[in-house]
file entry_36.cif (mmCIF, C-alpha atoms and all ligand atoms)
data_model
#
loop_
_atom_site.label_atom_id
_atom_site.label_comp_id
_atom_site.auth_asym_id
_atom_site.auth_seq_id
_atom_site.Cartn_x
_atom_site.Cartn_y
_atom_site.Cartn_z
CA MET A 185 111.79 160.68 229.53
CA LYS A 186 114.64 161.99 227.37
CA GLU A 187 114.60 161.25 223.66
CA PRO A 188 116.67 158.14 222.88
CA HIS A 189 120.04 158.90 221.27
CA GLU A 190 120.83 157.64 217.81
CA PRO A 191 121.50 153.91 218.11
CA LEU A 192 125.12 152.99 217.53
CA PRO A 193 125.71 151.56 214.04
CA CYS A 194 125.45 147.79 213.79
CA HIS A 195 128.39 147.42 211.31
CA LYS A 196 126.25 145.26 209.10
CA SER A 197 128.68 145.47 206.17
CA ALA A 198 131.59 144.30 208.31
CA LYS A 199 129.61 141.45 209.85
CA LYS A 200 130.89 137.93 209.26
CA PRO A 201 128.74 134.93 210.16
CA CYS A 202 128.61 134.56 213.95
CA GLY A 203 130.55 131.33 214.50
CA ARG A 204 132.18 129.92 217.62
CA THR A 205 135.54 131.36 216.64
CA GLY A 206 134.81 134.75 215.16
CA GLY A 207 132.45 137.28 213.70
CA LEU A 208 131.36 140.66 214.91
CA ARG A 209 128.83 140.46 217.73
CA ASP A 210 126.40 143.32 218.32
CA VAL A 211 126.84 142.88 222.05
CA VAL A 212 129.30 140.92 224.20
CA VAL A 213 128.41 140.64 227.88
CA VAL A 214 131.38 139.88 230.14
CA GLY A 215 130.25 137.93 233.22
CA ALA A 216 127.37 135.46 233.43
CA GLY A 217 126.23 136.22 236.97
CA ILE A 218 122.70 137.40 237.67
CA ILE A 219 123.50 140.87 236.28
CA GLY A 220 125.24 139.81 233.05
CA THR A 221 122.68 137.10 232.29
CA LEU A 222 119.80 139.51 232.80
CA ILE A 223 121.57 142.10 230.60
CA ALA A 224 121.80 139.53 227.80
CA TYR A 225 118.09 138.76 228.28
CA ARG A 226 117.08 142.44 228.28
CA VAL A 227 119.16 143.11 225.14
CA ILE A 228 117.29 140.51 223.11
CA GLN A 229 113.98 141.71 224.56
CA ASN A 230 114.75 145.23 223.30
CA GLN A 231 116.71 144.27 220.16
CA PRO A 232 115.40 140.85 219.05
CA ARG A 233 117.76 140.64 216.06
CA ALA A 234 120.94 141.44 217.97
CA HIS A 235 123.77 138.89 217.98
CA VAL A 236 124.71 138.53 221.62
CA LEU A 237 127.54 136.59 223.26
CA LEU A 238 127.58 136.00 227.02
CA VAL A 239 131.02 135.00 228.26
CA ASP A 240 132.22 133.91 231.71
CA ARG A 241 135.65 132.97 233.03
CA ALA A 242 134.03 130.09 234.94
CA ALA A 243 130.58 128.49 235.00
CA ALA A 244 127.52 130.71 234.58
CA GLY A 245 126.13 131.74 237.97
CA SER A 246 129.20 130.54 239.88
CA GLY A 247 130.33 133.93 241.27
CA ALA A 248 128.59 136.01 243.94
CA THR A 249 125.27 134.83 242.49
CA ARG A 250 125.87 131.25 243.68
CA HIS A 251 126.13 132.50 247.28
CA SER A 252 123.15 134.84 247.21
CA LEU A 253 120.25 134.15 249.58
CA GLY A 254 117.82 135.57 247.04
CA PHE A 255 115.94 137.56 249.66
CA ASP A 256 113.84 140.44 248.36
CA LEU A 257 111.98 143.11 250.27
CA PRO A 258 109.98 146.06 248.90
CA TYR A 259 112.49 148.38 250.55
CA GLY A 260 115.12 150.87 249.43
CA ARG A 261 117.34 153.42 251.13
CA THR A 262 116.93 155.92 248.29
CA ALA A 263 114.14 156.74 245.83
CA LEU A 264 116.21 155.15 243.06
CA HIS A 265 116.62 151.93 245.06
CA ARG A 266 112.86 151.81 245.57
CA ILE A 267 112.12 152.36 241.89
CA MET A 268 114.69 149.72 240.90
CA SER A 269 113.23 147.31 243.45
CA ALA A 270 109.72 147.72 242.01
CA GLU A 271 110.96 147.48 238.42
CA SER A 272 112.85 144.28 239.26
CA ALA A 273 109.87 142.71 241.03
CA ASN A 274 107.89 143.37 237.87
CA LEU A 275 110.35 141.49 235.63
CA TYR A 276 110.64 138.54 238.02
CA ARG A 277 106.85 138.35 238.04
CA SER A 278 106.76 138.21 234.25
CA LEU A 279 109.52 135.55 234.16
CA ARG A 280 107.52 133.52 236.65
CA ALA A 281 104.45 133.80 234.45
CA GLN A 282 106.48 132.42 231.50
CA SER A 283 108.13 129.46 233.20
CA ARG A 284 107.44 127.38 236.28
CA GLN A 285 111.22 127.04 236.76
CA PHE A 286 111.48 130.64 238.04
CA GLN A 287 110.27 129.92 241.52
CA VAL A 288 109.76 132.68 244.04
CA ARG A 289 108.38 131.93 247.50
CA SER A 290 106.49 134.58 249.43
CA VAL A 291 107.91 135.19 252.91
CA PRO A 292 105.94 137.53 255.18
CA THR A 293 108.50 139.74 256.84
CA PHE A 294 108.46 141.68 260.10
CA VAL A 295 110.69 144.65 260.80
CA VAL A 296 112.25 145.12 264.26
CA ALA A 297 113.75 148.40 265.45
CA THR A 298 113.34 151.27 267.85
CA PRO A 299 110.14 153.30 267.21
CA ASP A 300 112.02 156.42 266.07
CA LEU A 301 114.05 154.44 263.51
CA LEU A 302 110.90 152.71 262.28
CA GLU A 303 109.21 156.11 261.85
CA ARG A 304 112.22 157.48 259.96
CA GLU A 305 112.43 154.44 257.69
CA ARG A 306 108.68 154.02 257.13
CA SER A 307 108.75 155.79 253.76
CA ASN A 308 111.59 153.56 252.54
CA PHE A 309 109.19 150.61 252.37
CA ALA A 310 107.05 150.41 249.25
CA ALA A 311 104.28 148.66 251.17
CA PRO A 312 102.54 150.38 254.09
CA LEU A 313 104.38 149.59 257.32
CA ARG A 314 102.40 149.56 260.57
CA ALA A 315 103.06 148.59 264.16
CA LEU A 316 102.22 144.96 264.77
CA VAL A 317 99.00 144.50 266.72
CA ALA A 318 97.38 141.28 265.44
CA PRO A 319 97.70 138.54 268.11
CA ALA A 320 97.89 135.84 265.41
CA ALA A 321 101.04 137.48 264.04
CA TRP A 322 102.59 137.58 267.52
CA ASP A 323 101.95 133.82 267.83
CA ARG A 324 103.84 133.22 264.61
CA LEU A 325 106.75 135.30 265.86
CA PHE A 326 107.03 133.50 269.17
CA LYS A 327 106.91 130.17 267.35
CA SER A 328 109.96 131.26 265.38
CA GLY A 329 111.78 132.08 268.63
CA ILE A 330 112.16 135.84 268.37
CA CYS A 331 113.09 137.90 271.40
CA ILE A 332 112.19 141.60 271.21
CA GLY A 333 114.70 143.81 272.97
CA GLN A 334 113.64 146.56 275.39
CA GLY A 335 112.47 149.70 273.62
CA GLN A 336 112.05 147.89 270.31
CA GLU A 337 108.90 147.37 268.30
CA VAL A 338 107.83 144.95 265.62
CA TRP A 339 106.16 146.31 262.51
CA GLY A 340 104.66 144.42 259.61
CA PRO A 341 104.09 142.07 258.01
CA ILE A 342 105.30 143.15 254.59
CA ALA A 343 105.59 140.97 251.51
CA GLY A 344 109.13 139.59 251.25
CA SER A 345 110.18 136.73 249.01
CA GLU A 346 113.00 134.25 248.52
CA ALA A 347 114.40 132.60 245.40
CA VAL A 348 117.58 130.82 244.36
CA PRO A 349 119.37 133.35 242.09
CA GLU A 350 121.71 130.71 240.64
CA HIS A 351 118.62 128.86 239.35
CA VAL A 352 117.42 132.03 237.63
CA VAL A 353 120.78 132.27 235.82
CA LEU A 354 120.83 128.60 234.84
CA GLU A 355 117.25 128.72 233.60
CA LEU A 356 117.97 131.80 231.46
CA VAL A 357 121.14 130.20 230.07
CA GLN A 358 119.12 127.09 229.16
CA TYR A 359 116.62 129.34 227.41
CA PHE A 360 119.40 131.11 225.46
CA LEU A 361 120.91 127.79 224.36
CA ARG A 362 117.59 126.06 223.63
CA THR A 363 116.38 128.89 221.44
CA GLY A 364 119.82 129.67 219.97
CA ARG A 365 119.16 133.33 220.72
CA ILE A 366 122.38 133.99 222.62
CA GLU A 367 125.79 132.30 222.51
CA VAL A 368 127.09 131.36 225.94
CA TRP A 369 130.80 130.71 226.42
CA GLU A 370 131.87 129.40 229.83
CA GLY A 371 135.48 128.97 230.94
CA VAL A 372 136.69 131.89 228.80
CA GLU A 373 138.24 134.83 230.63
CA ILE A 374 138.43 138.28 229.05
CA ASP A 375 141.90 139.66 229.72
CA ALA A 376 141.66 143.00 227.96
CA ILE A 377 139.32 145.20 225.96
CA GLU A 378 140.70 147.37 223.19
CA PRO A 379 138.34 149.89 221.60
CA HIS A 380 139.10 150.73 217.95
CA GLY A 381 136.60 153.35 216.84
CA THR A 382 133.19 151.69 216.80
CA VAL A 383 134.55 148.15 217.25
CA VAL A 384 135.87 146.73 220.51
CA ASN A 385 138.35 143.84 220.55
CA LEU A 386 138.12 141.57 223.57
CA ARG A 387 141.23 139.49 224.23
CA THR A 388 140.59 136.11 225.81
CA SER A 389 142.92 134.24 228.15
CA ASP A 390 143.08 131.40 225.60
CA GLY A 391 144.56 133.67 222.95
CA ARG A 392 141.53 134.63 220.87
CA ILE A 393 140.09 137.99 219.94
CA ILE A 394 136.34 138.60 219.97
CA GLU A 395 135.02 141.60 218.05
CA ALA A 396 132.02 143.48 219.35
CA SER A 397 130.06 146.62 218.53
CA ARG A 398 129.08 147.02 222.17
CA VAL A 399 130.39 145.55 225.41
CA ALA A 400 128.69 145.24 228.81
CA LEU A 401 131.04 144.63 231.73
CA ALA A 402 129.25 142.71 234.48
CA SER A 403 132.10 141.03 236.30
CA GLY A 404 130.66 141.38 239.82
CA PRO A 405 133.41 141.48 242.46
CA TRP A 406 136.18 140.76 239.90
CA ILE A 407 137.17 144.43 239.67
CA ALA A 408 140.83 144.40 240.63
CA LYS A 409 142.30 143.64 237.21
CA GLN A 410 141.66 144.18 233.52
CA PRO A 411 139.29 144.69 231.86
CA VAL A 412 137.34 146.39 234.68
CA CYS A 413 139.88 147.90 237.10
CA GLU A 414 140.03 151.38 235.55
CA PHE A 415 136.24 151.65 235.42
CA ALA A 416 136.00 150.48 239.03
CA GLN A 417 138.55 153.06 240.18
CA ARG A 418 136.77 155.84 238.30
CA HIS A 419 133.54 155.05 240.19
CA SER A 420 135.26 154.32 243.54
CA ILE A 421 133.91 150.77 243.55
CA ARG A 422 135.27 148.48 246.26
CA VAL A 423 134.65 144.87 247.26
CA LYS A 424 133.13 143.90 250.60
CA LYS A 425 132.68 140.52 252.26
CA ILE A 426 129.12 139.29 252.83
CA ILE A 427 128.30 136.63 255.43
CA ALA A 428 125.16 134.70 256.32
CA LEU A 429 125.30 132.17 259.15
CA GLN A 430 123.58 128.86 258.46
CA ILE A 431 121.14 127.68 261.10
CA ASP A 432 120.46 123.98 260.90
CA ARG A 433 116.85 124.03 261.95
CA LYS A 434 114.30 123.17 259.30
CA PRO A 435 111.97 126.15 258.94
CA GLU A 436 108.19 125.71 258.95
CA LEU A 437 106.37 126.97 255.88
CA ASP A 438 104.72 129.80 257.84
CA ASN A 439 107.85 131.05 259.64
CA PRO A 440 108.25 134.76 258.87
CA ALA A 441 111.50 136.51 257.97
CA MET A 442 112.74 139.12 260.42
CA PHE A 443 114.51 142.30 259.32
CA LEU A 444 116.55 143.87 262.14
CA LEU A 445 116.76 147.45 260.92
CA ASP A 446 119.19 148.68 263.60
CA HIS A 447 121.75 146.08 262.53
CA ASP A 448 120.90 145.89 258.81
CA ALA A 449 120.58 142.15 259.42
CA PHE A 450 117.89 139.61 258.60
CA LEU A 451 116.81 136.10 259.47
CA LEU A 452 115.44 134.21 256.47
CA PRO A 453 113.65 130.89 256.99
CA SER A 454 114.72 129.37 253.69
CA VAL A 455 112.33 126.55 252.99
CA SER A 456 113.96 125.90 249.60
CA ARG A 457 117.35 125.31 251.30
CA GLY A 458 115.93 123.43 254.31
CA ARG A 459 117.53 125.76 256.88
CA SER A 460 117.39 129.33 258.13
CA LEU A 461 120.04 131.89 257.23
CA PHE A 462 121.11 134.86 259.29
CA SER A 463 122.69 137.67 257.27
CA PHE A 464 124.45 140.49 259.13
CA THR A 465 126.61 143.38 258.02
CA CYS A 466 130.27 142.51 257.71
CA ALA A 467 132.69 145.43 257.43
CA THR A 468 135.60 143.62 255.78
CA TRP A 469 136.56 145.54 252.64
CA ASP A 470 138.81 145.05 249.64
CA CYS A 471 138.46 141.27 249.41
CA ASP A 472 139.68 139.25 246.48
CA PRO A 473 137.06 136.83 245.11
CA HIS A 474 139.91 134.34 244.38
CA SER A 475 141.37 134.52 247.85
CA ARG A 476 141.61 131.59 250.24
CA ASP A 477 141.05 134.20 252.96
CA LEU A 478 137.45 134.63 251.87
CA ASN A 479 136.16 132.75 254.89
CA VAL A 480 134.53 133.70 258.20
CA THR A 481 136.96 134.82 260.89
CA ASN A 482 136.36 134.18 264.57
CA SER A 483 135.58 137.86 265.27
CA GLU A 484 133.14 138.05 262.34
CA ARG A 485 131.34 134.91 263.59
CA GLN A 486 131.23 136.24 267.17
CA HIS A 487 129.78 139.52 265.91
CA GLY A 488 127.03 137.67 264.01
CA LEU A 489 126.32 135.39 266.97
CA SER A 490 126.02 138.35 269.35
CA ILE A 491 123.19 139.84 267.26
CA LEU A 492 121.58 136.42 266.90
CA GLU A 493 121.82 135.82 270.66
CA ALA A 494 120.04 139.13 271.37
CA HIS A 495 117.13 138.46 269.02
CA PHE A 496 116.90 134.72 268.34
CA PRO A 497 118.63 133.05 271.29
CA SER A 498 117.19 129.60 270.57
CA MET A 499 118.98 129.55 267.20
CA VAL A 500 122.53 130.09 268.40
CA ALA A 501 123.12 126.45 269.29
CA HIS A 502 122.09 125.44 265.76
CA CYS A 503 124.59 127.69 263.95
CA SER A 504 126.81 125.49 261.82
CA GLY A 505 128.47 126.89 258.73
CA ALA A 506 128.04 130.04 256.69
CA CYS A 507 127.45 131.37 253.20
CA VAL A 508 130.37 133.68 252.56
CA PHE A 509 131.56 135.53 249.50
CA CYS A 510 131.90 139.15 248.43
CA ASP A 511 130.28 141.75 246.20
CA ALA A 512 131.17 145.05 244.53
CA TYR A 513 129.91 148.18 246.33
CA SER A 514 129.67 151.84 245.29
CA PRO A 515 130.22 154.56 247.92
CA ASP A 516 126.44 155.19 248.30
CA TRP A 517 125.43 151.55 247.58
CA VAL A 518 123.59 152.66 244.44
CA PRO A 519 124.46 150.33 241.54
CA VAL A 520 126.72 151.82 238.88
CA ILE A 521 125.44 151.64 235.31
CA ALA A 522 127.67 153.90 233.24
CA ALA A 523 129.06 154.21 229.73
CA ASP A 524 132.76 154.89 229.27
CA PRO A 525 132.86 158.63 228.45
CA ALA A 526 135.48 158.06 225.73
CA HIS A 527 133.85 154.91 224.33
CA PRO A 528 130.07 154.99 224.86
CA ASN A 529 129.74 151.51 223.37
CA ILE A 530 131.36 150.09 226.55
CA VAL A 531 129.00 150.01 229.52
CA LEU A 532 129.78 149.06 233.10
CA ALA A 533 127.04 147.39 235.19
CA SER A 534 128.54 146.93 238.61
CA ALA A 535 128.31 147.61 242.34
CA ALA A 536 125.14 145.68 243.00
CA SER A 537 126.14 146.43 246.61
CA GLY A 538 124.70 143.29 248.16
CA SER A 539 121.37 143.59 246.29
CA GLY A 540 122.21 142.12 242.89
CA TYR A 541 119.38 139.61 242.96
CA ARG A 542 116.66 141.99 244.05
CA LEU A 543 117.79 144.91 241.86
CA GLY A 544 119.25 142.80 239.01
CA PRO A 545 116.49 143.24 236.41
CA ALA A 546 116.49 147.03 236.85
CA ILE A 547 120.30 147.21 236.65
CA ALA A 548 120.20 145.04 233.53
CA GLY A 549 117.39 147.03 231.93
CA ARG A 550 119.31 150.27 232.32
CA ALA A 551 122.54 148.72 231.04
CA ALA A 552 120.76 147.21 228.00
CA ARG A 553 119.23 150.59 227.13
CA LEU A 554 122.52 152.42 227.63
CA LEU A 555 124.32 150.00 225.29
CA PHE A 556 122.04 151.26 222.53
CA GLY A 557 122.43 154.90 223.55
CA GLN A 558 118.97 155.10 225.06
CA SER A 559 117.88 157.01 228.12
CA ASP A 560 118.45 155.37 231.48
CA ASP A 561 115.58 157.25 233.09
CA PRO A 562 113.48 155.05 235.35
CA VAL A 563 110.70 153.53 233.29
CA LEU A 564 108.43 153.27 236.29
CA ASP A 565 108.08 156.95 237.11
CA GLY A 566 104.75 157.54 238.75
CA VAL A 567 103.65 153.93 239.11
CA ASN A 568 102.21 152.50 242.29
CA LEU A 569 105.22 150.73 243.77
CA SER A 570 103.33 148.72 246.36
CA ALA A 571 101.08 147.25 243.64
CA HIS A 572 104.12 145.56 242.09
CA HIS A 573 105.12 143.94 245.32
CA ASP A 574 101.62 142.86 246.20
CA ALA A 575 101.43 141.20 242.80
CA LEU A 576 104.78 139.46 243.34
CA ALA A 577 103.69 138.07 246.65
CA THR A 578 100.45 136.52 245.44
C1 LIG B 601 126.36 135.47 251.17
C2 LIG B 601 125.64 136.38 250.23
C3 LIG B 601 124.28 136.62 250.37
C4 LIG B 601 123.61 137.47 249.51
N1 LIG B 601 122.25 137.63 249.66
C5 LIG B 601 121.58 138.44 248.79
C6 LIG B 601 120.17 138.57 248.89
O1 LIG B 601 119.54 137.96 249.76
N2 LIG B 601 119.54 139.38 248.00
C7 LIG B 601 120.23 140.06 247.02
O2 LIG B 601 119.61 140.79 246.25
N3 LIG B 601 121.57 139.94 246.92
C8 LIG B 601 122.26 139.16 247.76
N4 LIG B 601 123.61 139.02 247.65
C9 LIG B 601 124.32 139.84 246.65
C10 LIG B 601 124.24 139.20 245.28
O3 LIG B 601 124.67 137.86 245.36
C11 LIG B 601 125.16 139.96 244.32
O4 LIG B 601 124.83 141.33 244.35
C12 LIG B 601 124.99 139.47 242.89
O5 LIG B 601 125.16 138.08 242.83
C13 LIG B 601 126.03 140.14 242.01
O6 LIG B 601 125.85 139.62 240.72
P1 LIG B 601 126.91 139.91 239.58
O7 LIG B 601 126.36 139.32 238.34
O8 LIG B 601 127.27 141.36 239.60
O9 LIG B 601 128.23 139.15 240.07
P2 LIG B 601 128.65 137.61 239.95
O10 LIG B 601 127.55 136.71 240.26
O11 LIG B 601 129.91 137.47 240.74
O12 LIG B 601 128.97 137.44 238.42
C14 LIG B 601 130.13 137.98 237.82
C15 LIG B 601 130.64 136.94 236.85
O13 LIG B 601 131.67 137.54 236.06
C16 LIG B 601 132.62 136.53 235.78
N5 LIG B 601 133.88 137.23 235.41
C17 LIG B 601 134.61 138.04 236.20
N6 LIG B 601 135.67 138.53 235.52
C18 LIG B 601 135.58 138.02 234.27
C19 LIG B 601 136.39 138.14 233.09
N7 LIG B 601 137.50 138.90 233.06
N8 LIG B 601 136.04 137.46 231.97
C20 LIG B 601 134.92 136.67 231.96
N9 LIG B 601 134.13 136.52 233.06
C21 LIG B 601 134.44 137.19 234.18
C22 LIG B 601 132.70 135.73 237.06
O14 LIG B 601 133.21 134.42 236.84
C23 LIG B 601 131.25 135.74 237.54
O15 LIG B 601 130.53 134.56 237.15
C24 LIG B 601 124.31 138.16 248.48
C25 LIG B 601 125.67 137.93 248.33
C26 LIG B 601 126.34 137.04 249.18
C27 LIG B 601 127.81 136.80 248.97
#

call {"tool": "encode", "arguments": {"input": "entry_36.cif", "output": "structure tokens"}}
result
Amino acid sequence: MKEPHEPLPCHKSAKKPCGRTGGLRDVVVVGAGIIGTLIAYRVIQNQPRAHVLLVDRAAAGSGATRHSLGFDLPYGRTALHRIMSAESANLYRSLRAQSRQFQVRSVPTFVVATPDLLERERSNFAAPLRALVAPAAWDRLFKSGICIGQGQEVWGPIAGSEAVPEHVVLELVQYFLRTGRIEVWEGVEIDAIEPHGTVVNLRTSDGRIIEASRVALASGPWIAKQPVCEFAQRHSIRVKKIIALQIDRKPELDNPAMFLLDHDAFLLPSVSRGRSLFSFTCATWDCDPHSRDLNVTNSERQHGLSILEAHFPSMVAHCSGACVFCDAYSPDWVPVIAADPAHPNIVLASAASGSGYRLGPAIAGRAARLLFGQSDDPVLDGVNLSAHHDALAT
């Protein structure tokens, strides 16, 4: 671990009382999605006396977070993804221990792919991944209607889970308001940020100026205009559509989730939503989260249905609607947590790349540390990653 940098000054002498209309905040977080809300939470965990304001142009949790399936697997394409996944599982576990409202349901998950792909990807799973042999597990699979293609194998089960990310945001916001620890402003858009030395002015769409010592930008897929567009361009962040088809068949409690590695697609029996959801990779880029065109096209639906037909043919007839929205992606799908080189008191936490629920706590932890000039080295170096996921699943 590097030594933490000197914390930025808190401007105590300049501080006016923190009222609804003014006063210097230690931290303003722009965007109350899963990332921004968790940043606010991690800031007060690390800096209990900090004055924090969480501000959103709409309702908290109403962006990409509202559409998220909340599926989590102990899996990551890169070592950093795997570390962030384990770190995040750890925080969700501790939130669950504090409040019954943070509900996470264990979903045993099987992985389907060709044997060579499974071998190549084996080390990307935190939990040991083995070829499926137990007859009882096969029974469960057939009950859920899976069809294994020629030359494919099923490995698992591994400990997946599902949650409703919007509920996590709303529960945290309730906690902030109940305890008075964080101000939450909804329906206030930040139009511009203007750094002046160690203070940043944030201009709101309703004509006010908020002063902050530090700013975290967590605006999810809203990257095309101020205040985030220049940061997004610098990190080559783009916005991609995400689609999950809704399958109107009530899942049984013991239905497993299926991860189709070849297609980067998964079937989630979502007991909390009363239906199954089939998420598949959609390659439609540069979407606008405001756009009326953010719907499922015929070719996108046909593409999803063709994968579903090959693996879960009995489900196709039950496909009704879809969950569709978009998310910010980095070129390598690794989240971007970066301070502005010219103004280190402004930190971008973006490009959750379709994994903002499952990696959110780790993204937020790094952003919260960076805001105070501290190292963003992984805090979980050397820990047993599978232990975290086993604990989450119990
Ligand atoms: C269909 C679908 C399924 C998904 N499934 C999963 C899954 O199973 N697991 C998983 O881990 N991830 C999943 N994701 C991805 C996940 O939803 C996102 O990665 C995550 O929600 C991103 O969170 P965020 O806080 O960055 O963005 P958001 O939730 O979009 O939050 C950003 C907030 O910033 C606000 N904002 C923007 N601009 C401004 C401004 N100028 N001023 C003030 N406020 C502003 C917005 O109103 C918004 O509330 C899914 C996404 C979709 C669309």

call {"tool": "residues_near_ligand", "arguments": {"input": "entry_36.cif", "ligand": "ligand LIG 601 (chain B)", "cutoff": "7 Å", "atoms": "only C-alpha atoms and all ligand atoms", "output": "number ranges by chain"}}
result
A: 214-220, 239-256, 372-375, 402-406, 410-411, 425-428, 507-511, 534-543

call {"tool": "closest_residue", "arguments": {"input": "entry_36.cif", "among": "A:Cys331, A:Ala548, A:Ala501, A:Ala224", "to": "Met268 (chain A)", "atoms": "all atoms listed in the file"}}
result
A:Ala548

call {"tool": "atom_distance", "arguments": {"input": "entry_36.cif", "atom1": "CA of Asp210 (chain A)", "atom2": "CA of Ile394 (chain A)"}}
result
11.1 Å

call {"tool": "closest_residue", "arguments": {"input": "entry_36.cif", "among": "A:Ala506, A:Ala416, A:Leu478, A:Leu264", "to": "Ser460 (chain A)", "atoms": "all atoms listed in the file"}}
result
A:Ala506

call {"tool": "atom_distance", "arguments": {"input": "entry_36.cif", "atom1": "CA of Ile223 (chain A)", "atom2": "CA of Ser463 (chain A)"}}
result
27.1 Å

call {"tool": "closest_residue", "arguments": {"input": "entry_36.cif", "among": "A:Arg362, A:Arg392, A:Arg550, A:Arg314", "to": "Ser272 (chain A)", "atoms": "all atoms listed in the file"}}
result
A:Arg550

call {"tool": "closest_residue", "arguments": {"input": "entry_36.cif", "among": "A:Pro473, A:Pro435, A:Pro453, A:Gly391", "to": "Ala408 (chain A)", "atoms": "all atoms listed in the file"}}
result
A:Pro473

call {"tool": "atom_distance", "arguments": {"input": "entry_36.cif", "atom1": "CA of Ser504 (chain A)", "atom2": "CA of Leu452 (chain A)"}}
result
15.3 Å

call {"tool": "closest_residue", "arguments": {"input": "entry_36.cif", "among": "A:Ile342, A:Leu429, A:Phe496, A:Tyr259", "to": "Ala315 (chain A)", "atoms": "only C-alpha atoms"}}
result
A:Ile342

call {"tool": "closest_residue", "arguments": {"input": "entry_36.cif", "among": "A:His495, A:His419, A:Arg226, A:His447", "to": "Leu279 (chain A)", "atoms": "only C-alpha atoms"}}
result
A:Arg226

call {"tool": "closest_atom_pairs", "arguments": {"input": "entry_36.cif", "of": "region 231-291 of chain A", "to": "region 513-522 of chain A", "cutoff": "12 Å", "atoms": "all atoms listed in the file", "output": "JSON lines"}}
result
{"residue": "A:Gly260", "atom": "CA", "partner": "A:Val518", "partner_atom": "CA", "distance": 10.0}
{"residue": "A:Arg261", "atom": "CA", "partner": "A:Trp517", "partner_atom": "CA", "distance": 9.0}
{"residue": "A:Thr262", "atom": "CA", "partner": "A:Val518", "partner_atom": "CA", "distance": 8.4}
{"residue": "A:Ala263", "atom": "CA", "partner": "A:Val518", "partner_atom": "CA", "distance": 10.4}
{"residue": "A:Leu264", "atom": "CA", "partner": "A:Val518", "partner_atom": "CA", "distance": 7.9}
{"residue": "A:His265", "atom": "CA", "partner": "A:Val518", "partner_atom": "CA", "distance": 7.0}
{"residue": "A:Arg266", "atom": "CA", "partner": "A:Val518", "partner_atom": "CA", "distance": 10.8}
{"residue": "A:Ile267", "atom": "CA", "partner": "A:Val518", "partner_atom": "CA", "distance": 11.8}
{"residue": "A:Met268", "atom": "CA", "partner": "A:Pro519", "partner_atom": "CA", "distance": 9.8}
{"residue": "A:Ser269", "atom": "CA", "partner": "A:Val518", "partner_atom": "CA", "distance": 11.7}

call {"tool": "residues_around", "arguments": {"input": "entry_36.cif", "residues": "Glu355 (chain A)", "least_positions_apart": "2", "cutoff": "12 Å", "atoms": "all atoms listed in the file", "output": "list of chain:residue names"}}
result
A:Ile218, A:Thr221, A:Leu222, A:Tyr225, A:Ala244, A:Gly245, A:Leu279, A:Arg280, A:Gln282, A:Ser283, A:Arg284, A:Gln285, A:Phe286, A:Gln287, A:Val348, A:Pro349, A:Glu350, A:His351, A:Val352, A:Val353, A:Val357, A:Gln358, A:Tyr359, A:Phe360, A:Leu361, A:Arg362

call {"tool": "residues_around", "arguments": {"input": "entry_36.cif", "residues": "Phe450 (chain A)", "least_positions_apart": "3", "cutoff": "6 Å", "atoms": "all atoms listed in the file", "output": "ChimeraX atom specification"}}
result
/A:442-444,462-463

call {"tool": "write_last_selection", "arguments": {"input": "entry_36.cif", "atoms": "C-alpha atoms", "output": "PDB file, in the coordinates of the input"}}
result
ATOM      1  CA  MET A 442     112.740 139.120 260.420  1.00  0.00           C
ATOM      2  CA  PHE A 443     114.510 142.300 259.320  1.00  0.00           C
ATOM      3  CA  LEU A 444     116.550 143.870 262.140  1.00  0.00           C
ATOM      4  CA  PHE A 462     121.110 134.860 259.290  1.00  0.00           C
ATOM      5  CA  SER A 463     122.690 137.670 257.270  1.00  0.00           C
TER       6      SER A 463
END

call {"tool": "residues_near_point", "arguments": {"input": "entry_36.cif", "point": "(126.6, 139.3, 268.3)", "cutoff": "12 Å", "atoms": "only C-alpha atoms", "output": "number ranges by chain"}}
result
A: 429, 447, 449, 462-466, 482-497, 500

call {"tool": "write_last_selection", "arguments": {"input": "entry_36.cif", "atoms": "C-alpha atoms", "output": "mmCIF file, keeping the file's coordinate frame"}}
result
data_model
loop_
_atom_site.group_PDB
_atom_site.id
_atom_site.type_symbol
_atom_site.label_atom_id
_atom_site.label_comp_id
_atom_site.auth_asym_id
_atom_site.auth_seq_id
_atom_site.Cartn_x
_atom_site.Cartn_y
_atom_site.Cartn_z
ATOM 1 C CA LEU A 429 125.300 132.170 259.150
ATOM 2 C CA HIS A 447 121.750 146.080 262.530
ATOM 3 C CA ALA A 449 120.580 142.150 259.420
ATOM 4 C CA PHE A 462 121.110 134.860 259.290
ATOM 5 C CA SER A 463 122.690 137.670 257.270
ATOM 6 C CA PHE A 464 124.450 140.490 259.130
ATOM 7 C CA THR A 465 126.610 143.380 258.020
ATOM 8 C CA CYS A 466 130.270 142.510 257.710
ATOM 9 C CA ASN A 482 136.360 134.180 264.570
ATOM 10 C CA SER A 483 135.580 137.860 265.270
ATOM 11 C CA GLU A 484 133.140 138.050 262.340
ATOM 12 C CA ARG A 485 131.340 134.910 263.590
ATOM 13 C CA GLN A 486 131.230 136.240 267.170
ATOM 14 C CA HIS A 487 129.780 139.520 265.910
ATOM 15 C CA GLY A 488 127.030 137.670 264.010
ATOM 16 C CA LEU A 489 126.320 135.390 266.970
ATOM 17 C CA SER A 490 126.020 138.350 269.350
ATOM 18 C CA ILE A 491 123.190 139.840 267.260
ATOM 19 C CA LEU A 492 121.580 136.420 266.900
ATOM 20 C CA GLU A 493 121.820 135.820 270.660
ATOM 21 C CA ALA A 494 120.040 139.130 271.370
ATOM 22 C CA HIS A 495 117.130 138.460 269.020
ATOM 23 C CA PHE A 496 116.900 134.720 268.340
ATOM 24 C CA PRO A 497 118.630 133.050 271.290
ATOM 25 C CA VAL A 500 122.530 130.090 268.400
#
